[in-house]
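Reading through the structure tokens given below for one structure.
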Protein chains: 2
Amino acid sequence: MAEEAAVRAQAETVRRLKQDKADPDEIAKEVTKLLEMKAQLGADEGKQKFVLKTPKGTRDFGPREMAIRERAFKAIISCFKRHGAEVIDTPVFELKETLTGKYGEDSKLIYDLKDQGGELLSLRYDLTVPFARYLAMNKITNIKRYHIAKVYRRDNPAMTRGRYREFYQCDFDIAGQFDPMIPDAECLKIVHEILSDLQLGDFVIKVNDRRILDGMFAVCGVPDNKFRTICSSVDKLDKMPWEEVRSEMVGEKGLSPEAADRIGEYVQLHGGLDLIERLLQDPKLSQNKLAKEGLGDMKLLFEYLTLFGITGKISFDLSLARGLDYYTGVIFEAVLLQQENEHVEEPVSVGSVAGGGRYDGLVGMFDPKGRKVPCVGVSIGIERIFSILEQRLEASEEKVRTTDTQVLVASAQKKLLEERLKLISELWDAGIKAEMLYKKNPKLLNQLQYCEDTGIPLVAIVGEQELKDGVVKLRIVATREEVNVRRESLVEEIRIRTSQC
Amino acid sequence: MAEEAAVRAQAETVRRLKQDKADPDEIAKEVTKLLEMKAQLGADEGKQKFVLKTPKGTRDFGPREMAIRERAFKAIISCFKRHGAEVIDTPVFELKETLTGKYGEDSKLIYDLKDQGGELLSLRYDLTVPFARYLAMNKITNIKRYHIAKVYRRDNPAMTRGRYREFYQCDFDIAGQFDPMIPDAECLKIVHEILSDLQLGDFVIKVNDRRILDGMFAVCGVPDNKFRTICSSVDKLDKMPWEEVRSEMVGEKGLSPEAADRIGEYVQLHGGLDLIERLLQDPKLSQNKLAKEGLGDMKLLFEYLTLFGITGKISFDLSLARGLDYYTGVIFEAVLLQQENEHVEEPVSVGSVAGGGRYDGLVGMFDPKGRKVPCVGVSIGIERIFSILEQRLEASEEKVRTTDTQVLVASAQKKLLEERLKLISELWDAGIKAEMLYKKNPKLLNQLQYCEDTGIPLVAIVGEQELKDGVVKLRIVATREEVNVRRESLVEEIRIRTSQC
């Protein structure tokens with residue numbers, strides 16, 4: 001690696017000399033040196049110690065992990081489709097400027113591509129900004145879509161807790177000008193359905209509104225230009241105690257202690273319709289236009305959630321802030337609660353698995369004329385869910401099949417490769433999922449063992465006698481039962497026995 | 001943009017001064033200038049002309065395109081599963097050194113990520129090299145897997161012909177030490193099944209073997225060190241006439257005219273078992289060990305393909321070379337043939353839609369001890385297939401549904417939003433795919449129109465009378481028939497009418 005660094009340094013020297021328009025002879029000399037170093041490096045290449053790994057913060061998914069992942073995706077996609085969503089896809093990278101100014105402080109976590117001539121590109125950081133770009137670019141003002149794809153963040157990975165640099169997001173969004181809170185309520189219903197369906201244990205969906213937060217800051221005496229930074233302090237309340245957050249506000253961010261204490265009173269509030277009613281009567285908050293608007297909509301939202309029968313898991317929580325810059329209205333976040341047990345008084349949150357909110361201004365940032373398209377959406381954090389499902393499966397020792405193969409085509413004697421090939425070809429052409437061992441003369445025991453190992457339920461055995469009789473011996477792996485089936489009925493028999501109709 | 005370029009130039013100046021350890025005062029001065037320029041740029045940001053596009057060579061997939069794409073994926077995945085494949089996934093980027101030295105001349109098309117501190121990364125160029133890295137890293141010596149994912153090439157895009165910089169590959173590979181040509185034959189069977197299933201019109205799968213090519217070069221008098229470069233000339237025969245390829249060999253690559261002419265005789269040969277037999281008798285070729293081995297295996301392959309009943313679409317073609325460095329044995333490529341018509345004498349190829357081959361050395365390149373894992377696989381080029389399906393659908397004017405919604409929950413009078421929300425929630429919870437308009441008081445006509453536009457087959461209408469009677473009016477959009485259904489039977493009725501059981 002030291003040689004490689006030396007070559008890079010030499011290349012940089014050459015580049016600089018050229019840029020500085022140095023003496024051509026000097027440039028030529030350094031170029032020669034660079035080429036020699038490169039040739040030397042190339043010659044050494046075979047001997048170099050090669051690091052065999054995936055990039056930091058990423059991982060492979062083997063067949064077993066994929067089987068688990070696909071179960072979770074299936075539940076999520078089927079929920080999105082149940083709600084009538086279309087699906088779209090966008091490129092993994094965007095023009096760098098498309099992502100600029102959308103993520104606040106998080107922008108430093110964006111992966112950039114190398115400038116190899118041409119456009120400056122970055123890997124997408126979420127699916128929301130590309131969605132907004134897609135809407136503006138295609139002048140779409142009305143769509144309900146889902147998008148499941150990988151996003152990229154140069155964050156500190158914590159892989160055991162499901163935090164990666166490359167991870168999937170499963171997004172559902174509703175764009176369009178509609179009557180208040182109807183799409184917003186549907187997003188919460190979707191989170192509720194998915195988390196219930198995946199049986200991840202108890203959960204709560206915290207809800208707040210950017211307008212209520214901003215109104216609260218105003219009535220607490222936070223200066224206008226400190227709203228954002230104080231909001232990002234509040235956002236830390238799920239990881240830090242109030243005392244620390246308060247001292248950040250006062251110490252680092254120069255907020256008056258009185259203002260901080262007033263915020264402290266509000267952010268400990270959480271509840272349901274009763275709390276909304278109380279705050280609507282709050283002498284200070286009710287005087288603030290933004291807060292009043294937000295509280296009115298929050299009330300409407302809770303009415304709709306009552307009709308959906310899901311308020312039991314919803315908590316209006318004044319401490320919920322969410323980091324991203326682009327939210328303008330309702331915001332929400334679903335957290336799983338630790339399984340209750342006798343030693344713990346109150347269930348503790350083990351982390352966010354879904355989040356979202358309303359972002360009415362984002363599409364307008366891309367439109368040349370600033371035309372707005374109101375949007376609300378939810379993003380399911382599949383990696384954390386996946387970690388939980390994986391751990392649970394480990395614990396249960398359930399055997400996960402990684403293929404759907406219905407039948408193994410096997411032979412009882414030698415020299416039957418051609419017969420196996422003929423039979424398996426017939427089965428494939430009839431749509432049967434079939435495998436065979438890639439050996440000329442496999443032992444029957446090995447073939448049966450393969451079925452045990454991989455969970456294949458049936459074996460179709462060809463032997464000399466069976467060929468003469470025009471039958472195939474069908475063995476049921478689980479029971480070891482064997483029946484002779486006429487060749488022309490084999491496909492039908494396999495279908496029935498694997499209950500595929 | 002000029003301002004941005006100026007800021008970048010200024011940032012470079014600062015970087016250089018720091019690197020050169022220049023006078024701190026001078027550095028400070030230039031940093032101040034940089035910050036001012038940046039602030040100015042930020043202030044201008046709103047006014048900047050923003051380019052609203054996807055990066056060069058990429059595109060979005062809207063709901064309609066996704067519907068078409070998912071049809072093709074479904075056919076491909078179901079074929080891979082029919083053959084008992086497991087599925088894996090790998091990160092979209094790899095360590096740069098993982099990709100180094102695997103692609104020959106094509107390496108220049110690899111996308112690199114910017115060095116933002118940490119590892120040097122590149123976007124994957126295909127799925128084969130990541131697969132080999134995965135096998136070596138996990139010491140897997142035996143697997144049959146598929147992998148469907150996007151790969152990246154900084155090539156000249158030709159989007160109308162389905163050539164993109166970001167595109168999907170659908171790979172199926174068999175890794176392991178097996179008896180000769182059984183897995184190879186299965187790969188060809190898979191290509192045959194998929195292309196038949198997708199009904200893309202007539203096609204031919206060209207087959208050759210790297211050993212036959214190398215043997216041919218040897219007996220034609222090509223010097224050992226020119227095998228690769230002459231091979232890449234041969235690879236151009238599908239786009240250039242022989243005369244041009246010949247003059248490249250002789251002119252640019254310094255091959256003797258006699259050797260070139262001998263090659264010219266071989267590469268025009270194509271056929272089946274008969275040609276293999278003839279070449280096995282060829283006085284020169286049969287004396288070459290490599291060629292003889294390759295021809296022997298090719299004969300075996302054709303025997304297996306005969307058992308599969310697919311030799312009609314297979315052509316042993318001595319002009320097939322394929323560019324990638326890592327192939328070691330059988331290679332193949334499927335091309336679609338232009339639909340025959342009276343004016344064209346011979347069907348013309350319109351491009352490759354699948355390709356693959358055997359690469360027995362690639363995994364060993366990653367293994368610290370060089371342990372080999374023989375592999376053979378096929379990659380389906382979905383973009384070109386997708387282009388064809390899309391064009392065909394345009395022509396047919398078939399209406400493509402982009403959602404699966406079974407029923408729209410509608411109301412005939414005003415003030416029934418709450419009733420609609422209650423009903424749709426019941427339907428969702430019962431697993432019915434249902435939508436409603438996000439309006440408090442939508443007009444019935446608009447609701448019916450929405451069904452017409454999006455292909456929703458049923459409308460569940462709530463009205464005051466229906467509520468009193470405990471029924472829902474179910475309207476069948478296609479026939480305009482309306483029936484009253486008791487509320488408790490509604491789910492069942494919708495299931496039956498959308499034949500979902």
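Residue numbering restarts at 1 for every chain of the structure tokens, chains are lettered A, B, ... in their displayed order, and ligands are numbered from 1 as they appear.
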Checklist line | Exercise: segment 394-411 of chain A partners within 8 Å, only C-alpha atoms, chain neighbours under 3 positions left out, as a PyMOL selection string | finding: (chain A and resi 63-64+67+390-391+414+416-417+420+423-424+432-437+442+444+447+451+454-463+494+498) or (chain B and resi 81-87)
Notebook entry, point to check: What's the 10 Å shell around Asp89 of chain A, counting only C-alpha atoms, without same-chain residues fewer than 3 positions away, as a VMD selection string?
Noted result: (chain A and resid 92 127 130 to 131 134 145 to 149) or (chain B and resid 59 to 63 65 to 66)
Next item on the list: Have a look at A:Ile263, A:Ala22, A:Val477, A:Leu99 and name the one nearest to chain B; count only C-alpha atoms.
Entry: A:Leu99
Next item on the list: Between B:Met137, B:Ile380, B:Ile205, B:Val483, single out the one closest to chain A, counting only C-alpha atoms.
Entry: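 Of all the options, B:Met137 lies closest to chain A.
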Next item on the list: Please provide as a ChimeraX atom specification all residues within 12 Å of Asp261 of chain B, with the sequence filter that same-chain residues fewer than 5 positions apart are discarded (counting only C-alpha atoms).
Entry: /B:217,220-222,242-243,245-247,249-250,255-256,266-268
Item checked: Contact residues around Val378 of chain B with only C-alpha atoms at 7 Å, ignoring same-chain residues under 5 positions, as an MDAnalysis selection string -> chainID B and resid 171:173 187 355:357
Convert the current residue selection to file output with C-alpha atoms, as a CSV table (one decimal), in the first residue's frame.
```
chain,number,residue,atom,x,y,z
B,171,ASP,CA,-27.5,-13.2,-13.3
B,172,PHE,CA,-27.7,-16.9,-12.7
B,173,ASP,CA,-24.5,-18.8,-11.9
B,187,CYS,CA,-27.4,-22.2,-18.3
B,355,GLY,CA,-24.6,-13.7,-22.5
B,356,GLY,CA,-22.3,-15.7,-20.3
B,357,GLY,CA,-19.8,-18.5,-20.0
```
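Atom CA of Arg487 of chain B is positioned 26.7 Å from atom CA of Asp453 of chain B.
When only C-alpha atoms are used to compute distances to chain B, the closest of the residues A:Arg278, A:Arg210, A:Lys56, A:Arg358 turns out to be A:Lys56.
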Next item on the list: Would you mind listing what lies within 12 Å of Ser107 of chain A as a ChimeraX atom specification, with only C-alpha atoms counted and same-chain residues fewer than 2 positions away left out?
Entry: /A:96-105,109-112,122-126,152-155,323-325
Notebook entry, point to check: In Å to one decimal, how far is atom CA of Thr311 of chain B from atom CA of Ser379 of chain B?
Noted result: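 Computing it gives 20.0 Å between the two atoms.
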Notebook entry, point to check: From the set B:Lys369, B:Arg15, B:Lys439, B:Lys299, which residue has the shortest atom-to-atom contact distance to Leu34 of chain B, counting only C-alpha atoms?
Noted result: B:Arg15
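Ranking A:Ser286, A:Thr479, A:Gln449, A:Asn441 by their shortest atom-to-atom distance to chain B, with only C-alpha atoms included, puts A:Asn441 first.
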